[in-house]
Amino acid sequence: MSRLVVVSNRVALPGENRAGGMAICLLAALHARGGVWFGWSGKITSEPNGELHHQRTGNIRFVTTNLSQCDHDDYYNGFSNRTLWPLLHSRVDLVDCDRKSRDGYLRVNRMFAGKLAPLLRDNDTLWIHDYHLIPLASMLRELGIGCRIGFFLHVPMPSADLVQALPDHRRLICLLHACDLVGFQTQGDVERFRTYALLFGGCAEAGPTELRAADGHGFRIGAFPIGIDTELIAHQAAEATRKPVVRALGKSVMPRQLAIGVDRLDYSKGLPERFQSFQRYLERHPTRKGKLTFLQIAPLSRCEVTEYQTLRSQLEQIAGHLNGSHAEPDWTPLRYVNRNFTHDTLAGFYRMARVALVTPLRDGMNLVAKEFVAAQDGKNPGVLVLSAFAGAACEMKESLIVNPLDLDDVADAIATASDMPLGERVERWHVLINRLRENDTGKWQRGFLHALEAAGSPIPAPTSPRVVR
Ligand code: F6P
């Protein structure tokens with residue numbers, strides 16, 4: 001078996017407890033077969049050209065580099081999170097077209113390519129993750145790297161019409177054609193990418209899962225929905241009920257029900273609409289007042305980006321207004337907490353909740369939805385209220401699917417979830433958990449890597465070359 005080399009913007013180094021769902025899945029893939037995880041250390045340094053740091057734990061070698069302040073500003077805060085993130089989440093109104101940050105994005109990708117190339121062997125399997133690193137495969141090819149390269153987009157692929165909001169979009173998106181496999185979360189994402197590649201990328205169809213780029217190079221595309229380790233989360237959740245922080249939450253909520261939301265503080269997560277929906281629930285169902293407490297955990301994220309600062313102020317205002325209007329001397333309807341908790345503590349919180357609100361406006365997958373289900377006690381499970389616009393909705397139809405923009409729809413779903421009889425909760429949960437077990441994180445990584453390793457077989461060349469329009 002070839003050596004696996006994983007590349008992502010941020011590397012979750014051993015001992016760090018801020019690892020989110022994606023980092024946990026990458027670690028699981030590396031644990032399964034050993035290999036190297038390469039990327040940014042998460043640190044900002046004053047040295048202009050940070051050296052590589054090596055660390056080994058078990059069968060995984062972590063190789064990281066720091067970023068300079070300027071690279072961090074242009075590549076991470078700038079082009080990744082002020083241009084690509086809003087574009088890929090269909091918020092073209094927020095797309096920043098700054099050329100300096102675009103140059104910085106290309107500069108950092110080139111720096112990653114330059115540092116990674118000497119570490120690679122011809123028979124490695126290289127797996128690149130997410131929108132921060134769209135040009136990396138192409139830059140590595142320019143440096144003569146011939147090993148198999150796969151790219152996986154964790155966030156949504158928007159429609160071709162929206163991608164046009166990005167200046168010079170062809171030059172960037174077409175760099176993905178240097179890969180052997182480009183993977184997405186859902187079939188919808190695959191179809192949007194295919195349409196873009198045919199309309200704007202100069203590609204031709206070369207089979208049901210294959211495209212041929214303008215230079216004649218064939219590459220594959222496919223949907224590989226990311227999954228979770230259901231057994232691990234179930235175990236963590238059951239164990240966490242003994243943790244003081246989890247017990248304290250339970251004690252403070254009793255005898256009321258708990259509704260929970262856990263999201264990075266990000267405008268794609270639909271948090272203002274969620275708070276307003278909860279307020280609508282209190283207004284539309286006044287007899288239920290005081291029955292359900294809503295805990296929203298929203299760790300701060302990308303704090304140097306203006307749109308995130310604006311969102312934070314907006315949420316503080318809505319939360320204050322909601323509690324001011326509906327709280328009682330002995331009850332606060334919304335608890336809004338801007339800090340992070342360890343993964344196992346969150347699993348314990350999920351197990352305690354009767355309702356989970358996962359209502360993003362756009363989301364590649366959303367692993368909180370899956371983790372909430374996996375954390376439940378099957379004899380008395382909670383109910384998931386899930387946005388139709390999260391990738392997870394494709395696999396989780398037995399949750400209560402809502403339109404997060406329709407406040408009445410979400411408000412009524414909260415009431416339905418809160419009142420749902422035990423028999424129906426158990427029935428829905430069984431279908432969901434069985435599907436999650438089947439489509440777990442192992443299936444995701446094996447599916448992608450098998451497809452990547454099979455992708456080397458040549459696709460017949462076209463008779464005339466295609467031109468990028
Ligand atoms: O899931 C999308 C993603 O951007 C990942 O690539 C990233 O690890 C995660 O969200 C957290 O984002 P950040 O690293 O910007 O805090």
# chains A, B, ... in the order shown; residues from 1 in each chain; ligands from 1

call {"tool": "residues_near_ligand", "arguments": {"ligand": "ligand 1", "cutoff": "9 Å", "atoms": "only C-alpha atoms and all ligand atoms", "output": "ChimeraX atom specification"}}
result
/A:8-12,19-23,42,76-77,80-81,85,129-132,153-155,264,300-302,363-366

call {"tool": "write_last_selection", "arguments": {"atoms": "N, CA, C and O atoms", "output": "short mmCIF file (atom, residue, chain, number, x, y, z; two decimals), in the first residue's frame"}}
result
data_model
loop_
_atom_site.label_atom_id
_atom_site.label_comp_id
_atom_site.auth_asym_id
_atom_site.auth_seq_id
_atom_site.Cartn_x
_atom_site.Cartn_y
_atom_site.Cartn_z
N SER A 8 -3.74 19.81 4.62
CA SER A 8 -4.88 20.69 4.87
C SER A 8 -4.33 22.01 5.36
O SER A 8 -3.17 22.08 5.78
N ASN A 9 -5.14 23.04 5.31
CA ASN A 9 -4.66 24.34 5.77
C ASN A 9 -4.11 24.23 7.18
O ASN A 9 -2.97 24.56 7.44
N ARG A 10 -4.96 23.73 8.08
CA ARG A 10 -4.58 23.67 9.49
C ARG A 10 -4.34 22.22 9.89
O ARG A 10 -5.14 21.36 9.51
N VAL A 11 -3.28 21.97 10.63
CA VAL A 11 -3.02 20.61 11.11
C VAL A 11 -3.40 20.57 12.60
O VAL A 11 -3.03 21.47 13.35
N ALA A 12 -4.15 19.54 12.99
CA ALA A 12 -4.50 19.39 14.41
C ALA A 12 -3.36 18.63 15.08
O ALA A 12 -3.30 17.40 15.01
N ALA A 19 -9.65 20.51 17.79
CA ALA A 19 -9.94 19.79 16.54
C ALA A 19 -11.45 19.70 16.30
O ALA A 19 -12.19 19.20 17.13
N GLY A 20 -11.88 20.16 15.13
CA GLY A 20 -13.30 20.06 14.75
C GLY A 20 -13.55 18.74 14.04
O GLY A 20 -12.67 17.87 13.96
N GLY A 21 -14.76 18.62 13.47
CA GLY A 21 -15.17 17.37 12.83
C GLY A 21 -14.26 16.95 11.70
O GLY A 21 -13.89 15.78 11.57
N MET A 22 -13.85 17.94 10.87
CA MET A 22 -13.01 17.60 9.72
C MET A 22 -11.65 17.06 10.19
O MET A 22 -11.16 16.05 9.68
N ALA A 23 -11.06 17.72 11.19
CA ALA A 23 -9.75 17.29 11.68
C ALA A 23 -9.83 15.87 12.26
O ALA A 23 -8.92 15.05 12.06
N GLY A 42 -0.90 26.63 12.64
CA GLY A 42 -1.85 27.47 13.40
C GLY A 42 -1.14 28.64 14.06
O GLY A 42 -1.78 29.48 14.67
N TYR A 76 -5.14 33.54 4.56
CA TYR A 76 -6.17 32.94 5.40
C TYR A 76 -7.35 33.89 5.63
O TYR A 76 -8.48 33.63 5.21
N ASN A 77 -7.05 35.05 6.28
CA ASN A 77 -8.14 36.00 6.53
C ASN A 77 -8.67 36.57 5.22
O ASN A 77 -9.87 36.82 5.09
N SER A 80 -8.90 33.25 1.37
CA SER A 80 -9.63 32.04 1.77
C SER A 80 -10.97 32.40 2.42
O SER A 80 -12.00 31.83 2.07
N ASN A 81 -10.91 33.34 3.37
CA ASN A 81 -12.11 33.55 4.19
C ASN A 81 -12.91 34.81 3.88
O ASN A 81 -14.02 34.96 4.41
N TRP A 85 -14.60 31.66 0.85
CA TRP A 85 -15.64 31.15 1.77
C TRP A 85 -17.02 31.71 1.42
O TRP A 85 -17.97 30.93 1.21
N HIS A 129 -6.94 18.81 1.08
CA HIS A 129 -8.27 19.14 1.62
C HIS A 129 -8.59 20.62 1.57
O HIS A 129 -7.83 21.45 2.07
N ASP A 130 -9.72 20.88 0.99
CA ASP A 130 -10.46 22.13 1.12
C ASP A 130 -9.95 23.33 0.33
O ASP A 130 -8.87 23.32 -0.24
N TYR A 131 -10.80 24.35 0.40
CA TYR A 131 -10.72 25.52 -0.50
C TYR A 131 -9.48 26.37 -0.32
O TYR A 131 -9.15 27.18 -1.19
N HIS A 132 -8.78 26.21 0.80
CA HIS A 132 -7.56 27.00 0.99
C HIS A 132 -6.48 26.57 -0.01
O HIS A 132 -5.55 27.32 -0.26
N LEU A 153 -13.30 18.70 -1.49
CA LEU A 153 -13.88 19.98 -1.07
C LEU A 153 -14.87 19.72 0.06
O LEU A 153 -15.90 19.07 -0.15
N HIS A 154 -14.57 20.23 1.24
CA HIS A 154 -15.45 19.98 2.40
C HIS A 154 -16.67 20.89 2.39
O HIS A 154 -17.65 20.61 3.07
N VAL A 155 -16.57 22.00 1.68
CA VAL A 155 -17.66 22.99 1.69
C VAL A 155 -18.46 22.83 0.40
O VAL A 155 -18.06 22.07 -0.48
N ARG A 264 -19.44 26.97 14.87
CA ARG A 264 -18.51 28.10 14.86
C ARG A 264 -19.34 29.34 14.58
O ARG A 264 -20.33 29.27 13.84
N LEU A 300 -15.92 31.58 18.98
CA LEU A 300 -15.55 32.64 18.04
C LEU A 300 -14.63 32.08 16.97
O LEU A 300 -13.84 31.17 17.23
N SER A 301 -14.73 32.63 15.79
CA SER A 301 -14.00 32.09 14.66
C SER A 301 -13.62 33.24 13.74
O SER A 301 -14.37 34.20 13.60
N ARG A 302 -12.43 33.18 13.15
CA ARG A 302 -12.00 34.15 12.13
C ARG A 302 -12.26 35.59 12.59
O ARG A 302 -12.84 36.40 11.86
N ASP A 363 -24.22 24.52 3.90
CA ASP A 363 -23.18 23.78 4.61
C ASP A 363 -22.79 22.58 3.76
O ASP A 363 -23.67 21.90 3.21
N GLY A 364 -21.47 22.32 3.67
CA GLY A 364 -21.02 21.20 2.85
C GLY A 364 -21.64 19.90 3.35
O GLY A 364 -22.28 19.16 2.61
N MET A 365 -21.47 19.60 4.65
CA MET A 365 -22.07 18.41 5.24
C MET A 365 -22.77 18.77 6.54
O MET A 365 -23.95 18.70 6.69
N ASN A 366 -22.03 19.18 7.53
CA ASN A 366 -22.39 19.46 8.92
C ASN A 366 -22.32 18.20 9.77
O ASN A 366 -23.24 17.38 9.81
#

call {"tool": "select_by_dssp", "arguments": {"residues": "segment 28-143 of chain A", "states": "alpha helix (DSSP H)", "output": "PyMOL selection string"}}
result
chain A and resi 28-33+69-71+85-88+99-116+136-142

call {"tool": "write_last_selection", "arguments": {"atoms": "N, CA and C atoms", "output": "mmCIF file, in the first residue's frame"}}
result
data_model
loop_
_atom_site.group_PDB
_atom_site.id
_atom_site.type_symbol
_atom_site.label_atom_id
_atom_site.label_comp_id
_atom_site.auth_asym_id
_atom_site.auth_seq_id
_atom_site.Cartn_x
_atom_site.Cartn_y
_atom_site.Cartn_z
ATOM 1 N N ALA A 28 -8.460 10.138 11.691
ATOM 2 C CA ALA A 28 -8.901 8.735 11.591
ATOM 3 C C ALA A 28 -8.338 8.105 10.325
ATOM 4 N N ALA A 29 -8.330 8.858 9.215
ATOM 5 C CA ALA A 29 -7.808 8.324 7.944
ATOM 6 C C ALA A 29 -6.321 8.017 8.093
ATOM 7 N N LEU A 30 -5.596 8.906 8.765
ATOM 8 C CA LEU A 30 -4.154 8.698 8.928
ATOM 9 C C LEU A 30 -3.861 7.558 9.892
ATOM 10 N N HIS A 31 -4.660 7.443 10.960
ATOM 11 C CA HIS A 31 -4.480 6.334 11.911
ATOM 12 C C HIS A 31 -4.664 5.000 11.198
ATOM 13 N N ALA A 32 -5.645 4.959 10.280
ATOM 14 C CA ALA A 32 -5.991 3.688 9.637
ATOM 15 C C ALA A 32 -4.827 3.114 8.829
ATOM 16 N N ARG A 33 -3.994 3.980 8.212
ATOM 17 C CA ARG A 33 -2.908 3.399 7.395
ATOM 18 C C ARG A 33 -1.552 4.053 7.603
ATOM 19 N N GLN A 69 2.734 37.084 9.440
ATOM 20 C CA GLN A 69 1.515 37.883 9.627
ATOM 21 C C GLN A 69 0.914 38.271 8.275
ATOM 22 N N CYS A 70 1.802 38.646 7.360
ATOM 23 C CA CYS A 70 1.329 39.100 6.049
ATOM 24 C C CYS A 70 0.664 37.942 5.275
ATOM 25 N N ASP A 71 1.291 36.760 5.327
ATOM 26 C CA ASP A 71 0.703 35.593 4.656
ATOM 27 C C ASP A 71 -0.637 35.212 5.296
ATOM 28 N N TRP A 85 -14.600 31.660 0.846
ATOM 29 C CA TRP A 85 -15.635 31.150 1.767
ATOM 30 C C TRP A 85 -17.020 31.707 1.417
ATOM 31 N N PRO A 86 -17.164 33.055 1.299
ATOM 32 C CA PRO A 86 -18.511 33.531 0.930
ATOM 33 C C PRO A 86 -18.947 33.038 -0.452
ATOM 34 N N LEU A 87 -18.017 32.972 -1.404
ATOM 35 C CA LEU A 87 -18.394 32.511 -2.750
ATOM 36 C C LEU A 87 -18.943 31.091 -2.694
ATOM 37 N N LEU A 88 -18.215 30.209 -2.003
ATOM 38 C CA LEU A 88 -18.597 28.799 -1.978
ATOM 39 C C LEU A 88 -19.872 28.576 -1.158
ATOM 40 N N ARG A 99 -7.083 42.140 -4.959
ATOM 41 C CA ARG A 99 -6.044 41.405 -5.717
ATOM 42 C C ARG A 99 -4.840 41.066 -4.863
ATOM 43 N N LYS A 100 -4.597 41.900 -3.859
ATOM 44 C CA LYS A 100 -3.427 41.646 -3.002
ATOM 45 C C LYS A 100 -3.632 40.326 -2.246
ATOM 46 N N SER A 101 -4.847 40.108 -1.759
ATOM 47 C CA SER A 101 -5.064 38.873 -0.999
ATOM 48 C C SER A 101 -5.046 37.662 -1.942
ATOM 49 N N ARG A 102 -5.497 37.852 -3.164
ATOM 50 C CA ARG A 102 -5.415 36.743 -4.133
ATOM 51 C C ARG A 102 -3.943 36.377 -4.396
ATOM 52 N N ASP A 103 -3.112 37.405 -4.556
ATOM 53 C CA ASP A 103 -1.677 37.144 -4.759
ATOM 54 C C ASP A 103 -1.095 36.406 -3.546
ATOM 55 N N GLY A 104 -1.540 36.824 -2.347
ATOM 56 C CA GLY A 104 -1.047 36.185 -1.121
ATOM 57 C C GLY A 104 -1.465 34.725 -1.046
ATOM 58 N N TYR A 105 -2.682 34.447 -1.514
ATOM 59 C CA TYR A 105 -3.188 33.061 -1.528
ATOM 60 C C TYR A 105 -2.308 32.199 -2.440
ATOM 61 N N LEU A 106 -1.991 32.737 -3.617
ATOM 62 C CA LEU A 106 -1.147 31.984 -4.555
ATOM 63 C C LEU A 106 0.265 31.841 -3.981
ATOM 64 N N ARG A 107 0.726 32.912 -3.323
ATOM 65 C CA ARG A 107 2.086 32.881 -2.742
ATOM 66 C C ARG A 107 2.198 31.779 -1.682
ATOM 67 N N VAL A 108 1.199 31.683 -0.805
ATOM 68 C CA VAL A 108 1.264 30.675 0.267
ATOM 69 C C VAL A 108 1.105 29.267 -0.318
ATOM 70 N N ASN A 109 0.236 29.111 -1.294
ATOM 71 C CA ASN A 109 0.122 27.793 -1.925
ATOM 72 C C ASN A 109 1.451 27.391 -2.574
ATOM 73 N N ARG A 110 2.128 28.380 -3.186
ATOM 74 C CA ARG A 110 3.426 28.082 -3.806
ATOM 75 C C ARG A 110 4.456 27.720 -2.728
ATOM 76 N N MET A 111 4.376 28.413 -1.621
ATOM 77 C CA MET A 111 5.310 28.131 -0.516
ATOM 78 C C MET A 111 5.049 26.698 0.009
ATOM 79 N N PHE A 112 3.752 26.334 0.171
ATOM 80 C CA PHE A 112 3.421 24.968 0.613
ATOM 81 C C PHE A 112 3.965 23.951 -0.406
ATOM 82 N N ALA A 113 3.766 24.235 -1.687
ATOM 83 C CA ALA A 113 4.223 23.297 -2.731
ATOM 84 C C ALA A 113 5.739 23.121 -2.642
ATOM 85 N N GLY A 114 6.436 24.240 -2.470
ATOM 86 C CA GLY A 114 7.904 24.195 -2.416
ATOM 87 C C GLY A 114 8.412 23.408 -1.222
ATOM 88 N N LYS A 115 7.702 23.504 -0.107
ATOM 89 C CA LYS A 115 8.159 22.790 1.095
ATOM 90 C C LYS A 115 7.739 21.316 1.070
ATOM 91 N N LEU A 116 6.593 21.059 0.431
ATOM 92 C CA LEU A 116 6.081 19.684 0.422
ATOM 93 C C LEU A 116 6.795 18.815 -0.630
ATOM 94 N N LEU A 136 -2.854 23.947 -5.173
ATOM 95 C CA LEU A 136 -1.673 23.200 -4.728
ATOM 96 C C LEU A 136 -1.282 22.058 -5.679
ATOM 97 N N ALA A 137 -2.270 21.280 -6.127
ATOM 98 C CA ALA A 137 -1.950 20.127 -6.992
ATOM 99 C C ALA A 137 -1.241 20.609 -8.256
ATOM 100 N N SER A 138 -1.771 21.662 -8.845
ATOM 101 C CA SER A 138 -1.185 22.167 -10.089
ATOM 102 C C SER A 138 0.248 22.677 -9.853
ATOM 103 N N MET A 139 0.454 23.341 -8.711
ATOM 104 C CA MET A 139 1.801 23.856 -8.417
ATOM 105 C C MET A 139 2.787 22.713 -8.173
ATOM 106 N N LEU A 140 2.299 21.639 -7.560
ATOM 107 C CA LEU A 140 3.167 20.472 -7.350
ATOM 108 C C LEU A 140 3.516 19.815 -8.687
ATOM 109 N N ARG A 141 2.537 19.738 -9.585
ATOM 110 C CA ARG A 141 2.814 19.157 -10.919
ATOM 111 C C ARG A 141 3.900 19.981 -11.616
ATOM 112 N N GLU A 142 3.808 21.311 -11.487
ATOM 113 C CA GLU A 142 4.839 22.174 -12.117
ATOM 114 C C GLU A 142 6.220 21.865 -11.568
#

call {"tool": "select_by_dssp", "arguments": {"residues": "segment 113-203 of chain A", "states": "strand (DSSP E or B)", "output": "count of residues only"}}
result
14

call {"tool": "residues_around", "arguments": {"residues": "segment 167-173 of chain A", "least_positions_apart": "2", "cutoff": "8 Å", "atoms": "only C-alpha atoms", "output": "number ranges by chain"}}
result
A: 97, 134-135, 163-165, 175-176, 200-201

call {"tool": "write_last_selection", "arguments": {"atoms": "all heavy atoms", "output": "mmCIF file, in the first residue's frame"}}
result
data_model
loop_
_atom_site.group_PDB
_atom_site.id
_atom_site.type_symbol
_atom_site.label_atom_id
_atom_site.label_comp_id
_atom_site.auth_asym_id
_atom_site.auth_seq_id
_atom_site.Cartn_x
_atom_site.Cartn_y
_atom_site.Cartn_z
ATOM 1 N N CYS A 97 -13.028 41.225 -3.648
ATOM 2 C CA CYS A 97 -12.245 40.982 -4.881
ATOM 3 C C CYS A 97 -10.840 41.578 -4.799
ATOM 4 O O CYS A 97 -10.252 41.928 -5.823
ATOM 5 C CB CYS A 97 -12.990 41.554 -6.081
ATOM 6 S SG CYS A 97 -14.545 40.714 -6.377
ATOM 7 N N ILE A 134 -6.745 25.118 -3.341
ATOM 8 C CA ILE A 134 -7.184 24.786 -4.710
ATOM 9 C C ILE A 134 -6.003 24.723 -5.697
ATOM 10 O O ILE A 134 -5.932 23.813 -6.520
ATOM 11 C CB ILE A 134 -8.289 25.781 -5.173
ATOM 12 C CG1 ILE A 134 -9.581 25.499 -4.385
ATOM 13 C CG2 ILE A 134 -8.541 25.692 -6.673
ATOM 14 C CD1 ILE A 134 -10.687 26.523 -4.600
ATOM 15 N N PRO A 135 -5.011 25.636 -5.632
ATOM 16 C CA PRO A 135 -3.940 25.582 -6.641
ATOM 17 C C PRO A 135 -2.833 24.574 -6.343
ATOM 18 O O PRO A 135 -1.944 24.391 -7.175
ATOM 19 C CB PRO A 135 -3.319 26.999 -6.588
ATOM 20 C CG PRO A 135 -4.131 27.795 -5.642
ATOM 21 C CD PRO A 135 -4.887 26.839 -4.786
ATOM 22 N N VAL A 163 -20.231 31.202 -9.421
ATOM 23 C CA VAL A 163 -18.759 31.169 -9.453
ATOM 24 C C VAL A 163 -18.225 32.339 -10.293
ATOM 25 O O VAL A 163 -17.144 32.874 -10.048
ATOM 26 C CB VAL A 163 -18.236 29.811 -9.979
ATOM 27 C CG1 VAL A 163 -16.716 29.798 -10.019
ATOM 28 C CG2 VAL A 163 -18.731 28.665 -9.100
ATOM 29 N N GLN A 164 -19.049 32.793 -11.255
ATOM 30 C CA GLN A 164 -18.614 33.915 -12.100
ATOM 31 C C GLN A 164 -18.388 35.206 -11.313
ATOM 32 O O GLN A 164 -17.757 36.130 -11.824
ATOM 33 C CB GLN A 164 -19.671 34.192 -13.160
ATOM 34 C CG GLN A 164 -19.753 33.130 -14.213
ATOM 35 C CD GLN A 164 -20.785 33.528 -15.247
ATOM 36 O OE1 GLN A 164 -20.464 34.218 -16.195
ATOM 37 N NE2 GLN A 164 -22.015 33.113 -15.030
ATOM 38 N N ALA A 165 -18.883 35.252 -10.070
ATOM 39 C CA ALA A 165 -18.651 36.453 -9.249
ATOM 40 C C ALA A 165 -17.172 36.591 -8.883
ATOM 41 O O ALA A 165 -16.730 37.666 -8.469
ATOM 42 C CB ALA A 165 -19.501 36.391 -7.979
ATOM 43 N N LEU A 175 -7.340 24.981 -12.021
ATOM 44 C CA LEU A 175 -6.128 24.376 -11.452
ATOM 45 C C LEU A 175 -6.444 23.018 -10.820
ATOM 46 O O LEU A 175 -5.552 22.181 -10.651
ATOM 47 C CB LEU A 175 -5.496 25.324 -10.422
ATOM 48 C CG LEU A 175 -5.007 26.673 -10.992
ATOM 49 C CD1 LEU A 175 -4.430 27.544 -9.890
ATOM 50 C CD2 LEU A 175 -3.956 26.450 -12.082
ATOM 51 N N LEU A 176 -7.717 22.803 -10.493
ATOM 52 C CA LEU A 176 -8.097 21.496 -9.920
ATOM 53 C C LEU A 176 -7.946 20.365 -10.942
ATOM 54 O O LEU A 176 -7.891 19.191 -10.567
ATOM 55 C CB LEU A 176 -9.550 21.532 -9.426
ATOM 56 C CG LEU A 176 -9.802 22.315 -8.137
ATOM 57 C CD1 LEU A 176 -11.292 22.393 -7.851
ATOM 58 C CD2 LEU A 176 -9.068 21.665 -6.961
ATOM 59 N N PHE A 200 -17.465 26.494 -18.400
ATOM 60 C CA PHE A 200 -16.419 27.519 -18.276
ATOM 61 C C PHE A 200 -15.006 26.960 -18.227
ATOM 62 O O PHE A 200 -14.050 27.689 -18.437
ATOM 63 C CB PHE A 200 -16.633 28.346 -16.994
ATOM 64 C CG PHE A 200 -17.915 29.118 -16.982
ATOM 65 C CD1 PHE A 200 -18.961 28.737 -16.153
ATOM 66 C CD2 PHE A 200 -18.076 30.232 -17.791
ATOM 67 C CE1 PHE A 200 -20.150 29.448 -16.138
ATOM 68 C CE2 PHE A 200 -19.259 30.949 -17.783
ATOM 69 C CZ PHE A 200 -20.300 30.553 -16.958
ATOM 70 N N GLY A 201 -14.884 25.684 -17.871
ATOM 71 C CA GLY A 201 -13.547 25.146 -17.603
ATOM 72 C C GLY A 201 -12.898 24.481 -18.799
ATOM 73 O O GLY A 201 -11.794 23.949 -18.675
#

call {"tool": "atom_distance", "arguments": {"atom1": "atom CA of Lys370 of chain A", "atom2": "atom CA of Pro299 of chain A"}}
result
19.1 Å

call {"tool": "closest_residue", "arguments": {"among": "A:Arg446, A:Arg437, A:Arg3, A:Arg351", "to": "Thr230 of chain A", "atoms": "only C-alpha atoms"}}
result
A:Arg437

call {"tool": "closest_residue", "arguments": {"among": "A:Ile44, A:Pro118, A:Ala451, A:Phe152", "to": "Val7 of chain A", "atoms": "only C-alpha atoms"}}
result
A:Phe152

call {"tool": "closest_residue", "arguments": {"among": "A:Ile401, A:Leu4, A:Val262, A:Leu282", "to": "Asp122 of chain A", "atoms": "only C-alpha atoms"}}
result
A:Leu4

call {"tool": "decode", "arguments": {"residues": "segment 390-406 of chain A", "atoms": "N, CA and C atoms", "output": "PDB file, in the first residue's frame"}}
result
ATOM      1  N   ALA A 390     -28.113  21.846   4.317  1.00  0.00           N
ATOM      2  CA  ALA A 390     -26.881  21.196   4.793  1.00  0.00           C
ATOM      3  C   ALA A 390     -26.708  19.916   3.978  1.00  0.00           C
ATOM      4  N   GLY A 391     -25.478  19.583   3.614  1.00  0.00           N
ATOM      5  CA  GLY A 391     -25.235  18.341   2.873  1.00  0.00           C
ATOM      6  C   GLY A 391     -25.805  17.136   3.615  1.00  0.00           C
ATOM      7  N   ALA A 392     -25.790  17.189   4.950  1.00  0.00           N
ATOM      8  CA  ALA A 392     -26.272  16.064   5.763  1.00  0.00           C
ATOM      9  C   ALA A 392     -27.735  15.740   5.502  1.00  0.00           C
ATOM     10  N   ALA A 393     -28.508  16.716   5.005  1.00  0.00           N
ATOM     11  CA  ALA A 393     -29.945  16.487   4.790  1.00  0.00           C
ATOM     12  C   ALA A 393     -30.174  15.379   3.757  1.00  0.00           C
ATOM     13  N   CYS A 394     -29.221  15.177   2.840  1.00  0.00           N
ATOM     14  CA  CYS A 394     -29.389  14.123   1.817  1.00  0.00           C
ATOM     15  C   CYS A 394     -29.476  12.744   2.468  1.00  0.00           C
ATOM     16  N   GLU A 395     -28.774  12.558   3.574  1.00  0.00           N
ATOM     17  CA  GLU A 395     -28.715  11.241   4.217  1.00  0.00           C
ATOM     18  C   GLU A 395     -29.603  11.143   5.449  1.00  0.00           C
ATOM     19  N   MET A 396     -30.213  12.287   5.879  1.00  0.00           N
ATOM     20  CA  MET A 396     -30.864  12.287   7.195  1.00  0.00           C
ATOM     21  C   MET A 396     -32.314  12.762   7.098  1.00  0.00           C
ATOM     22  N   LYS A 397     -33.043  12.160   6.158  1.00  0.00           N
ATOM     23  CA  LYS A 397     -34.423  12.589   5.898  1.00  0.00           C
ATOM     24  C   LYS A 397     -35.357  12.309   7.083  1.00  0.00           C
ATOM     25  N   GLU A 398     -34.957  11.427   7.980  1.00  0.00           N
ATOM     26  CA  GLU A 398     -35.824  11.107   9.128  1.00  0.00           C
ATOM     27  C   GLU A 398     -35.710  12.129  10.245  1.00  0.00           C
ATOM     28  N   SER A 399     -34.849  13.131  10.068  1.00  0.00           N
ATOM     29  CA  SER A 399     -34.868  14.246  11.018  1.00  0.00           C
ATOM     30  C   SER A 399     -35.996  15.179  10.582  1.00  0.00           C
ATOM     31  N   LEU A 400     -36.205  16.283  11.301  1.00  0.00           N
ATOM     32  CA  LEU A 400     -37.228  17.235  10.869  1.00  0.00           C
ATOM     33  C   LEU A 400     -36.540  18.245   9.963  1.00  0.00           C
ATOM     34  N   ILE A 401     -36.776  18.128   8.661  1.00  0.00           N
ATOM     35  CA  ILE A 401     -36.078  18.971   7.680  1.00  0.00           C
ATOM     36  C   ILE A 401     -36.818  20.307   7.551  1.00  0.00           C
ATOM     37  N   VAL A 402     -36.051  21.391   7.666  1.00  0.00           N
ATOM     38  CA  VAL A 402     -36.664  22.727   7.639  1.00  0.00           C
ATOM     39  C   VAL A 402     -35.946  23.640   6.645  1.00  0.00           C
ATOM     40  N   ASN A 403     -36.661  24.716   6.295  1.00  0.00           N
ATOM     41  CA  ASN A 403     -36.040  25.815   5.561  1.00  0.00           C
ATOM     42  C   ASN A 403     -35.621  26.856   6.608  1.00  0.00           C
ATOM     43  N   PRO A 404     -34.311  27.056   6.803  1.00  0.00           N
ATOM     44  CA  PRO A 404     -33.866  27.924   7.898  1.00  0.00           C
ATOM     45  C   PRO A 404     -34.262  29.388   7.726  1.00  0.00           C
ATOM     46  N   LEU A 405     -34.675  29.760   6.503  1.00  0.00           N
ATOM     47  CA  LEU A 405     -35.108  31.146   6.273  1.00  0.00           C
ATOM     48  C   LEU A 405     -36.573  31.338   6.655  1.00  0.00           C
ATOM     49  N   ASP A 406     -37.289  30.238   6.783  1.00  0.00           N
ATOM     50  CA  ASP A 406     -38.721  30.293   7.111  1.00  0.00           C
ATOM     51  C   ASP A 406     -38.863  30.141   8.631  1.00  0.00           C
TER      52      ASP A 406
END
